[in-house]
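Written out below as structure tokens is the structure these notes cover.
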Amino acid sequence: MTDILAVADHRRGELRDVSYETITAGRQLADETGGDLHVAVISGPVGEFAEKLNREGVDVVHTVEYGEEFNHDVYVQVLAQLYDELAPQYVVAPNSVNGLDYAPAVANALDLPIVTDTVGLETDGETLTATREM
């Protein structure tokens, strides 16, 4: 397990800037673990979003077409399946309304720890250090 799975965020047909922040954090972790960065795009115009997110540093973009907007159950199911398939070392979700909705449910479903509200992440390949704002 060295790969990283990052989740893109969108609302009302627009890719949100926090998606790029999530990718940046995921790329940093992937560099530190020696793994690949996978990005999940769920719902909405996934092809258009995938095109925008397929940039330097992103190794694979996974798309799942299901409706136009966020659906909690779909996100939880898709991320659990991607986790089972990819076995990433870390899953990076945005600090957004949607991210704070599905991330705890995904962590619970997969029996994983969760760290929220971080402004920095570092790993030595075994231990994750998260920095939070005061």
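Going through the structure tokens in order, the chains are called A, B, and so on, while each chain numbers its residues from 1 and the ligands are numbered from 1 in the order shown.
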
Task: Residue neighbourhood range 28-33 of chain A, 10 Å, only C-alpha atoms, exclusion window fewer than 3 positions, as a PyMOL selection string - done: chain A and resi 1-5+22-25+36-38+57-58+88-90+92+121-126+128

So which residues touch Ala80 in chain A within 8 Å, counting only C-alpha atoms, skipping near sequence neighbours fewer than 2 positions away, as a CSV table (one decimal) with C-alpha atoms, in the first residue's frame?
```csv
chain,number,residue,atom,x,y,z
A,76,VAL,CA,-19.5,6.1,0.2
A,77,GLN,CA,-20.1,3.1,-2.0
A,78,VAL,CA,-17.8,4.2,-4.8
A,82,LEU,CA,-12.1,2.0,-5.0
A,83,TYR,CA,-10.4,1.5,-1.7
A,84,ASP,CA,-10.9,-2.3,-2.0
A,106,VAL,CA,-16.2,6.0,4.4
A,109,ALA,CA,-17.3,1.5,6.6
A,110,LEU,CA,-13.7,0.6,6.0
```

Open item on the list: Need to verify the contact set: Ala103 in chain A, 12 Å, only C-alpha atoms, exclusion of same-chain residues closer than 5 positions in sequence. Can you return it as a list in words?
Closed with: Ala6, Val7, His72, Asp73, Tyr75, Val76, Gln77, Val78, Leu79, Ala80, Val91, Val92, Ala93, Pro94, Asn95, Ser96, Val97, Asn98, Asn108, Ala109, Leu110, Asp111, Leu112, Pro113, Ile114, Val115, Thr116 and Asp117 of chain A

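With only C-alpha atoms as the atoms that count, the minimum distance from Leu15 in chain A to the choices A:Glu69, A:Arg27, A:Leu86, A:Gly35 is reached by A:Glu69.
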
Task: Length of the CA of Leu53 in chain A to CA of Val74 in chain A vector [Å] - done: 20.6 Å

Open item on the list: So that I can check the secondary structure, give me every residue of range 36-88 of chain A assigned helix (DSSP H, G or I) by backbone DSSP, as a list in words.
Closed with: Val46, Gly47, Glu48, Phe49, Ala50, Glu51, Lys52, Leu53, His72, Asp73, Val74, Tyr75, Val76, Gln77, Val78, Leu79, Ala80, Gln81, Leu82, Tyr83, Asp84, Glu85 and Leu86 of chain A

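Relative to CA of Gly13 in chain A, CA of Glu65 in chain A is found at 13.0 Å.
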
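Counting from CA of Ala107 in chain A, the distance to CA of Glu68 in chain A is 24.3 Å.
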
Range 8-11 of chain A surroundings by only C-alpha atoms, 7 Å radius, close-in-sequence under 5 positions cut, as a PDB file with N, CA and C atoms, in the first residue's frame:
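What landed in part_15.pdb:
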```
ATOM      1  N   ARG A  16     -14.661  22.490  -8.014  1.00  0.00           N
ATOM      2  CA  ARG A  16     -14.283  23.449  -6.978  1.00  0.00           C
ATOM      3  C   ARG A  16     -12.772  23.498  -6.809  1.00  0.00           C
ATOM      4  N   VAL A  18     -11.002  23.517  -4.268  1.00  0.00           N
ATOM      5  CA  VAL A  18     -10.494  22.605  -3.248  1.00  0.00           C
ATOM      6  C   VAL A  18     -10.049  21.275  -3.867  1.00  0.00           C
ATOM      7  N   SER A  19     -10.550  20.952  -5.050  1.00  0.00           N
ATOM      8  CA  SER A  19     -10.109  19.734  -5.746  1.00  0.00           C
ATOM      9  C   SER A  19      -8.621  19.802  -6.056  1.00  0.00           C
ATOM     10  N   VAL A  39      -7.115   9.859  -8.676  1.00  0.00           N
ATOM     11  CA  VAL A  39      -8.129  10.864  -8.370  1.00  0.00           C
ATOM     12  C   VAL A  39      -9.487  10.295  -8.744  1.00  0.00           C
ATOM     13  N   ALA A  40     -10.442  10.405  -7.814  1.00  0.00           N
ATOM     14  CA  ALA A  40     -11.808   9.949  -8.058  1.00  0.00           C
ATOM     15  C   ALA A  40     -12.697  11.140  -8.370  1.00  0.00           C
ATOM     16  N   VAL A  41     -13.451  11.036  -9.466  1.00  0.00           N
ATOM     17  CA  VAL A  41     -14.438  12.038  -9.850  1.00  0.00           C
ATOM     18  C   VAL A  41     -15.780  11.316  -9.884  1.00  0.00           C
ATOM     19  N   GLU A  69     -25.357  15.785  -9.076  1.00  0.00           N
ATOM     20  CA  GLU A  69     -24.886  16.368  -7.826  1.00  0.00           C
ATOM     21  C   GLU A  69     -24.481  15.299  -6.816  1.00  0.00           C
ATOM     22  N   PRO A  94     -11.551  16.419   0.363  1.00  0.00           N
ATOM     23  CA  PRO A  94     -11.528  17.864   0.585  1.00  0.00           C
ATOM     24  C   PRO A  94     -12.216  18.255   1.890  1.00  0.00           C
TER      25      PRO A  94
END
```

Open item on the list: Using only C-alpha atoms for the distances, tell me which of A:Gln81, A:Arg12, A:Glu21, A:Pro45 is nearest to Val119 in chain A.
Closed with: A:Glu21

TODO: Name all residues at most 8 Å from Thr63 in chain A (count only C-alpha atoms; drop same-chain ones fewer than 3 positions away) and give them as a ChimeraX atom specification.
DONE: /A:40-43,46-47,50

Store the residues of this selection in a file with N, CA, C and O atoms, as a tab-separated table (two decimals), in the first residue's frame.
```tsv
chain	number	residue	atom	x	y	z
A	40	ALA	N	-10.44	10.41	-7.81
A	40	ALA	CA	-11.81	9.95	-8.06
A	40	ALA	C	-12.70	11.14	-8.37
A	40	ALA	O	-12.68	12.14	-7.65
A	41	VAL	N	-13.45	11.04	-9.47
A	41	VAL	CA	-14.44	12.04	-9.85
A	41	VAL	C	-15.78	11.32	-9.88
A	41	VAL	O	-15.98	10.41	-10.69
A	42	ILE	N	-16.68	11.74	-9.00
A	42	ILE	CA	-17.95	11.03	-8.85
A	42	ILE	C	-19.10	11.99	-9.15
A	42	ILE	O	-19.20	13.06	-8.54
A	43	SER	N	-19.94	11.61	-10.08
A	43	SER	CA	-21.14	12.37	-10.49
A	43	SER	C	-20.78	13.65	-11.22
A	43	SER	O	-19.62	14.02	-11.33
A	46	VAL	N	-18.48	14.15	-15.41
A	46	VAL	CA	-17.22	13.52	-15.02
A	46	VAL	C	-16.16	13.59	-16.11
A	46	VAL	O	-14.97	13.73	-15.81
A	47	GLY	N	-16.54	13.50	-17.36
A	47	GLY	CA	-15.57	13.59	-18.46
A	47	GLY	C	-14.89	14.95	-18.49
A	47	GLY	O	-13.67	15.05	-18.62
A	50	ALA	N	-12.67	15.23	-15.41
A	50	ALA	CA	-11.48	14.39	-15.55
A	50	ALA	C	-10.45	15.06	-16.46
A	50	ALA	O	-9.25	15.00	-16.19
```
